[in-house]
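Engineer: So I've got this file, structure.cif, and it contains mmCIF, C-alpha atoms:
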data_work
loop_
_atom_site.label_atom_id
_atom_site.label_comp_id
_atom_site.auth_asym_id
_atom_site.auth_seq_id
_atom_site.Cartn_x
_atom_site.Cartn_y
_atom_site.Cartn_z
CA MET A 1 110.86 134.80 87.48
CA ALA A 2 107.98 132.65 88.69
CA ARG A 3 105.00 132.32 86.37
CA PRO A 4 101.73 133.22 88.12
CA ALA A 5 99.08 130.50 87.90
CA ALA A 6 96.68 132.80 86.05
CA ALA A 7 99.20 133.16 83.22
CA TYR A 8 99.87 129.44 82.86
CA GLU A 9 100.09 128.28 79.25
CA VAL A 10 98.74 124.78 78.69
CA ALA A 11 101.41 122.39 77.38
CA VAL A 12 99.18 120.09 75.30
CA PRO A 13 96.12 120.41 73.03
CA PRO A 14 92.57 120.62 74.46
CA ARG A 15 91.43 117.32 75.95
CA PRO A 16 89.32 116.20 72.92
CA ALA A 17 92.36 116.64 70.64
CA CYS A 18 94.75 114.56 72.76
CA ALA A 19 95.59 110.95 71.89
CA TYR A 20 93.41 108.92 74.24
CA THR A 21 92.40 105.30 74.69
CA SER A 22 90.25 104.30 77.67
CA CYS A 23 92.06 102.06 80.20
CA TYR A 24 95.49 102.69 78.64
CA CYS A 25 96.48 105.62 80.87
CA GLU A 26 100.20 104.73 80.76
CA GLU A 27 100.19 105.13 76.97
CA ASN A 28 98.01 108.25 77.06
CA VAL A 29 100.61 109.90 79.30
CA TRP A 30 103.45 108.65 77.07
CA LYS A 31 101.70 110.36 74.14
CA LEU A 32 101.38 113.60 76.11
CA CYS A 33 105.11 113.47 76.88
CA ASP A 34 105.87 112.83 73.21
CA TYR A 35 103.74 115.81 72.17
CA ILE A 36 105.48 118.11 74.67
CA ARG A 37 108.86 116.93 73.38
CA SER A 38 107.82 117.76 69.81
CA GLN A 39 106.64 121.29 70.62
CA ASP A 40 109.64 122.64 72.51
CA GLN A 41 107.34 125.04 74.42
CA TYR A 42 108.53 123.92 77.84
CA PRO A 43 111.65 122.01 78.91
CA LEU A 44 110.67 118.34 78.90
CA GLU A 45 112.52 117.98 82.21
CA GLU A 46 109.71 119.93 83.94
CA PHE A 47 107.24 117.07 83.31
CA TYR A 48 106.84 113.74 85.09
CA ALA A 49 104.88 110.59 84.42
CA VAL A 50 103.25 109.77 87.76
CA PHE A 51 102.18 106.18 88.47
CA ILE A 52 99.76 105.75 91.38
CA SER A 53 99.42 102.29 92.89
CA ASN A 54 100.31 100.24 95.98
CA ASP A 55 101.42 96.74 96.89
CA ARG A 56 97.86 95.39 96.65
CA ARG A 57 97.16 97.30 93.43
CA MET A 58 93.98 98.80 94.86
CA ILE A 59 93.93 102.59 94.85
CA PRO A 60 90.84 104.80 95.15
CA LEU A 61 90.63 108.04 93.17
CA TRP A 62 87.79 110.51 93.16
CA LYS A 63 86.44 112.76 90.38
CA GLN A 64 87.13 110.19 87.69
CA LYS A 65 84.92 110.28 84.60
CA SER A 66 84.04 106.61 85.12
CA GLY A 67 82.90 107.25 88.70
CA HIS A 68 79.37 107.78 90.01
CA GLY A 69 78.58 110.80 92.13
CA ASP A 70 81.09 111.21 94.92
CA GLU A 71 82.06 107.54 94.96
CA PRO A 72 85.72 106.77 94.23
CA VAL A 73 86.91 104.55 91.42
CA VAL A 74 89.30 101.84 92.62
CA TRP A 75 92.03 101.25 90.03
CA ASP A 76 94.85 98.73 90.13
CA TYR A 77 96.99 101.67 89.03
CA HIS A 78 96.56 105.02 87.34
CA VAL A 79 98.95 107.34 85.51
CA ILE A 80 98.86 111.12 85.27
CA LEU A 81 101.26 113.78 84.00
CA LEU A 82 102.66 116.35 86.42
CA HIS A 83 104.10 119.69 85.30
CA VAL A 84 106.47 121.12 87.90
CA SER A 85 106.08 124.53 86.37
CA GLY A 86 108.35 126.76 88.44
CA GLY A 87 105.36 129.04 88.96
CA GLU A 88 103.10 129.54 91.94
CA GLN A 89 101.29 126.29 91.13
CA ASN A 90 102.11 122.93 89.62
CA PHE A 91 99.62 121.29 87.25
CA VAL A 92 98.15 117.81 86.75
CA TYR A 93 97.14 116.48 83.34
CA ASP A 94 94.72 113.57 83.75
CA LEU A 95 92.71 112.53 80.69
CA ASP A 96 90.39 110.43 82.89
CA THR A 97 89.40 113.11 85.37
CA ALA A 98 86.14 115.04 85.62
CA LEU A 99 88.20 117.97 86.93
CA PRO A 100 89.66 120.65 84.62
CA PHE A 101 92.42 119.67 82.18
CA PRO A 102 94.99 120.63 83.26
CA CYS A 103 94.09 120.97 86.93
CA PRO A 104 96.05 122.94 89.54
CA PHE A 105 97.88 120.45 91.73
CA ASP A 106 96.34 121.77 94.95
CA VAL A 107 92.82 121.29 93.56
CA ASP A 108 93.60 117.82 92.24
CA SER A 109 95.17 116.68 95.50
CA VAL A 110 92.11 117.75 97.51
CA GLU A 111 89.43 116.64 95.06
CA ALA A 112 90.90 113.52 93.40
CA PHE A 113 93.47 112.13 95.84
CA ARG A 114 92.00 113.29 99.14
CA LEU A 115 93.81 111.80 102.13
CA ASP A 116 94.97 108.36 103.15
CA ASP A 117 94.01 109.06 106.79
CA SER A 118 90.38 107.97 106.36
CA LEU A 119 91.23 104.87 104.29
CA HIS A 120 92.11 101.35 105.37
CA PRO A 121 95.88 100.84 105.08
CA GLU A 122 95.51 98.45 102.12
CA PHE A 123 94.13 101.39 100.11
CA HIS A 124 96.92 103.85 100.93
CA ARG A 125 98.40 105.25 97.75
CA LYS A 126 102.04 105.36 96.67
CA ILE A 127 103.56 107.36 93.85
CA ARG A 128 106.30 106.58 91.34
CA MET A 129 107.55 109.66 89.47
CA ILE A 130 109.57 109.33 86.27
CA ARG A 131 110.88 112.36 84.45
CA ALA A 132 109.22 112.64 81.05
CA ASP A 133 112.40 112.37 79.01
CA LEU A 134 113.35 109.17 80.88
CA TYR A 135 109.82 107.80 80.50
CA LEU A 136 109.96 108.26 76.74
CA LYS A 137 113.30 106.42 76.60
CA THR A 138 112.46 103.49 78.88
CA PHE A 139 108.72 102.64 78.86
CA ALA A 140 107.53 99.66 76.82
CA SER A 141 104.23 97.79 76.66
CA ASP A 142 103.04 94.95 74.45
CA ARG A 143 99.55 95.40 75.99
CA SER A 144 99.43 91.76 77.09
CA HIS A 145 98.07 92.86 80.48
CA MET A 146 94.85 93.84 78.71
CA LYS A 147 94.16 90.37 77.32
CA ASP A 148 92.16 87.70 79.13
CA ALA A 149 93.11 84.04 79.53
CA ASN A 150 91.79 83.31 76.03
CA GLY A 151 93.86 86.07 74.45
CA LYS A 152 90.89 88.38 73.88
CA TRP A 153 91.10 92.10 74.56
CA GLN A 154 89.43 93.18 77.79
CA LYS A 155 89.39 96.72 76.37
CA PRO A 156 90.11 97.75 72.76
CA PRO A 157 93.79 98.73 72.35
CA PRO A 158 95.10 101.97 70.81
CA SER A 159 95.24 102.05 67.02
CA TYR A 160 98.93 102.96 66.87
CA PRO A 161 101.73 100.35 67.24
CA CYS A 162 102.86 99.15 70.65
CA ILE A 163 105.44 101.32 72.39
CA GLU A 164 108.79 99.54 72.72
CA THR A 165 112.46 100.31 73.25
CA ALA A 166 115.66 98.67 72.04
CA ASP A 167 115.85 96.90 75.41
CA SER A 168 112.26 95.87 76.06
CA LYS A 169 108.84 95.14 74.62
CA MET A 170 107.11 94.95 78.01
CA ASN A 171 108.20 96.51 81.30
CA LEU A 172 104.93 98.02 82.58
CA ASP A 173 105.13 96.11 85.86
CA ASP A 174 108.40 97.86 86.70
CA PHE A 175 106.56 101.19 86.56
CA ILE A 176 103.50 100.00 88.50
CA SER A 177 105.71 98.48 91.20
CA MET A 178 106.16 100.68 94.26
CA ASN A 179 109.40 98.92 95.23
CA PRO A 180 112.02 101.69 95.01
CA LYS A 181 114.66 99.08 94.10
CA VAL A 182 112.79 98.27 90.88
CA GLY A 183 112.51 100.29 87.68
CA TRP A 184 113.02 104.00 87.12
CA GLY A 185 112.20 107.21 88.92
CA SER A 186 111.47 107.89 92.59
CA VAL A 187 108.82 106.41 94.91
CA PHE A 188 106.90 108.51 97.45
CA SER A 189 104.10 108.05 99.91
CA LEU A 190 101.04 110.10 98.99
CA PRO A 191 101.54 112.62 101.88
CA ASP A 192 105.16 113.16 100.85
CA PHE A 193 104.11 113.66 97.22
CA VAL A 194 101.42 116.21 98.12
CA HIS A 195 103.71 118.01 100.55
CA ARG A 196 106.49 118.25 97.97
CA PHE A 197 104.47 119.50 95.02
CA GLY A 198 101.55 121.36 96.60
CA THR A 199 101.68 124.84 98.07
CA GLN A 200 102.07 124.84 101.84
CA ALA A 201 98.95 126.94 102.45
CA ASP A 202 96.68 124.71 100.40
CA TYR A 203 98.21 121.57 101.81
CA GLY A 204 97.20 122.82 105.25
CA TYR A 205 93.71 123.44 103.92
CA SER A 206 93.46 119.90 102.57
CA LEU A 207 94.36 118.51 105.98
CA GLU A 208 91.71 120.61 107.73
CA GLY A 209 89.06 120.29 105.03
CA GLN A 210 88.66 116.50 105.07
#
Take the structure I supplied and represent it as C-alpha cells, if you would.

Structural biologist:
Amino acid sequence: MARPAAAYEVAVPPRPACAYTSCYCEENVWKLCDYIRSQDQYPLEEFYAVFISNDRRMIPLWKQKSGHGDEPVVWDYHVILLHVSGGEQNFVYDLDTALPFPCPFDVDSVEAFRLDDSLHPEFHRKIRMIRADLYLKTFASDRSHMKDANGKWQKPPPSYPCIETADSKMNLDDFISMNPKVGWGSVFSLPDFVHRFGTQADYGYSLEGQ
C-alpha cells in the first residue's frame, strides 16, 4: 500500500539535532545513513547517498543556505540523501538547503536542481547513487582533501574520528567521479535522475516552468 505524502514519517531527527559539519556533506550523509540503520524505522535499502558533480567538478545548486538571493552556489560536488519511499513522493534530505528538511523530491528538483537546459554544458550535473547500506560499508575519508598545501584545515573537520573501512582510509574521489566504471553505485544524467525519481506530472511542470 503506497504511503501518501501527507502521512510521510521523517526518517531522521529535526535538522538542528542531526550530526552536521559545514563543507563535509559526504560525512553528514554518512551519519544520516548510520542513524537510519540504528533506528530500524525504514528499510535501509530505501535510502541512497546521492553525489552530484561532473567531470569539471563545477555544479550549480540553488536554494543553498550559503547562497545569496536567487543566485546558485557552485560546488565541486555535493551530497544529499534520497528516500525512495514507495509512496506518492520521494524525499530529499539535504542539511545544506534552505528548503524544508526533508523536501519532497519534486519540489527539490524544481527549486534546487532546476534544469541543465539553460546552463553551459560544463555546468551540466551528473548523479552517482549509492544505496545507503553499501555506502556505510564502502565509504572512507581521511579528510585530506580539506587541507591546504601547508597541511592546514581549509574548514574545521568533524569532531568524531575519520570514517574508514577495512579496505580503505580514503576513497572519496571514487564517489565524486562520474565515470560509471569507477567506484560504487549507478551514474545518471540529471534529466534521467529527475525522470526516474520524480512524479511524471510534476516533472512536466518543471520542464514548462523554467

Engineer: Smallest atom-to-atom distance to Ile163 in chain A: which of A:Ile176, A:Arg125, A:Val110, A:Glu26, using only C-alpha atoms?

Structural biologist: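 Using only C-alpha atoms, the shortest distance to Ile163 in chain A belongs to A:Glu26.
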
Engineer: Determine the nearest neighbour of Pro14 in chain A from the options A:Asp108, A:Asp76, A:Asp94, A:Asp70, counting only C-alpha atoms.

Structural biologist: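 Among A:Asp108, A:Asp76, A:Asp94, A:Asp70, it is A:Asp94 that comes nearest to Pro14 in chain A.
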
Engineer: Can you turn the PyMOL selection byres ((chain A and resi 20) around 10) into a concrete residue list for this file, as a JSON list (two decimals) with C-alpha atoms, in the frame of the given file?

Structural biologist:
[["chain", "number", "residue", "atom", "x", "y", "z"],
["A", 15, "ARG", "CA", 91.43, 117.32, 75.95],
["A", 16, "PRO", "CA", 89.32, 116.20, 72.92],
["A", 17, "ALA", "CA", 92.36, 116.64, 70.64],
["A", 18, "CYS", "CA", 94.75, 114.56, 72.76],
["A", 19, "ALA", "CA", 95.59, 110.95, 71.89],
["A", 21, "THR", "CA", 92.40, 105.30, 74.69],
["A", 22, "SER", "CA", 90.25, 104.30, 77.67],
["A", 23, "CYS", "CA", 92.06, 102.06, 80.20],
["A", 24, "TYR", "CA", 95.49, 102.69, 78.64],
["A", 25, "CYS", "CA", 96.48, 105.62, 80.87],
["A", 27, "GLU", "CA", 100.19, 105.13, 76.97],
["A", 28, "ASN", "CA", 98.01, 108.25, 77.06],
["A", 29, "VAL", "CA", 100.61, 109.90, 79.30],
["A", 31, "LYS", "CA", 101.70, 110.36, 74.14],
["A", 32, "LEU", "CA", 101.38, 113.60, 76.11],
["A", 95, "LEU", "CA", 92.71, 112.53, 80.69],
["A", 96, "ASP", "CA", 90.39, 110.43, 82.89],
["A", 158, "PRO", "CA", 95.10, 101.97, 70.81]]

Engineer: Name the closest residue to Leu61 in chain A among the candidates A:Asp133, A:Asp173, A:Asp117, A:Glu111; distances are taken between atoms, counting all atoms listed in the file.

Structural biologist: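 Between A:Asp133, A:Asp173, A:Asp117, A:Glu111, the residue approaching Leu61 in chain A most closely is A:Glu111.
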
Engineer: Report as an mmCIF file with C-alpha atoms, keeping the file's coordinate frame all protein, DNA and RNA residues lying within 12 Å of Gln39 in chain A, evaluated on all atoms listed in the file, omitting residues in the same chain fewer than 6 positions from it.

Structural biologist:
data_model
loop_
_atom_site.group_PDB
_atom_site.id
_atom_site.type_symbol
_atom_site.label_atom_id
_atom_site.label_comp_id
_atom_site.auth_asym_id
_atom_site.auth_seq_id
_atom_site.Cartn_x
_atom_site.Cartn_y
_atom_site.Cartn_z
ATOM 1 C CA VAL A 10 98.740 124.780 78.690
ATOM 2 C CA ALA A 11 101.410 122.390 77.380
ATOM 3 C CA VAL A 12 99.180 120.090 75.300
ATOM 4 C CA PRO A 13 96.120 120.410 73.030
ATOM 5 C CA LEU A 32 101.380 113.600 76.110
ATOM 6 C CA CYS A 33 105.110 113.470 76.880
#

Engineer: Just want the 12 Å neighbourhood of His120 in chain A, counted on all atoms listed in the file, with same-chain residues fewer than 6 positions away dropped. Output as a count of residues only.

Structural biologist: 3

Engineer: From (96.4, 100.3, 102.3), in the file's coordinates, out to 12 Å: which residues are reached, counting only C-alpha atoms? Answer as an NGL selection string.

Structural biologist: :A and (53-60 or 115-126 or 189-190)

Engineer: Would you list the residues near (101.0, 112.6, 85.1) (no more than 9 Å away, in the coordinates of the file, using all atoms listed in the file) as a list in words?

Structural biologist: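 The distance filter leaves exactly Val29, Phe47, Tyr48, Ala49, Val50, Phe51, Val79, Ile80, Leu81, Leu82, His83, Val92, Tyr93, Asp94 and Met129 of chain A.
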
Engineer: Between CA of Thr199 in chain A and CA of Pro100 in chain A, what is the distance, to one decimal in Å?

Structural biologist: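 That distance, rounded to one decimal, is 18.5 Å.
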
Engineer: For the structure provided, state which residues fall under the PyMOL selection byres ((chain A and resi 185) around 9), and present them as a PDB file with C-alpha atoms, in the frame of the given file.

Structural biologist:
ATOM      1  CA  ARG A 128     106.300 106.580  91.340  1.00  0.00           C
ATOM      2  CA  MET A 129     107.550 109.660  89.470  1.00  0.00           C
ATOM      3  CA  ILE A 130     109.570 109.330  86.270  1.00  0.00           C
ATOM      4  CA  ARG A 131     110.880 112.360  84.450  1.00  0.00           C
ATOM      5  CA  LEU A 134     113.350 109.170  80.880  1.00  0.00           C
ATOM      6  CA  TYR A 135     109.820 107.800  80.500  1.00  0.00           C
ATOM      7  CA  PHE A 175     106.560 101.190  86.560  1.00  0.00           C
ATOM      8  CA  PRO A 180     112.020 101.690  95.010  1.00  0.00           C
ATOM      9  CA  GLY A 183     112.510 100.290  87.680  1.00  0.00           C
ATOM     10  CA  TRP A 184     113.020 104.000  87.120  1.00  0.00           C
ATOM     11  CA  SER A 186     111.470 107.890  92.590  1.00  0.00           C
ATOM     12  CA  VAL A 187     108.820 106.410  94.910  1.00  0.00           C
TER      13      VAL A 187
END
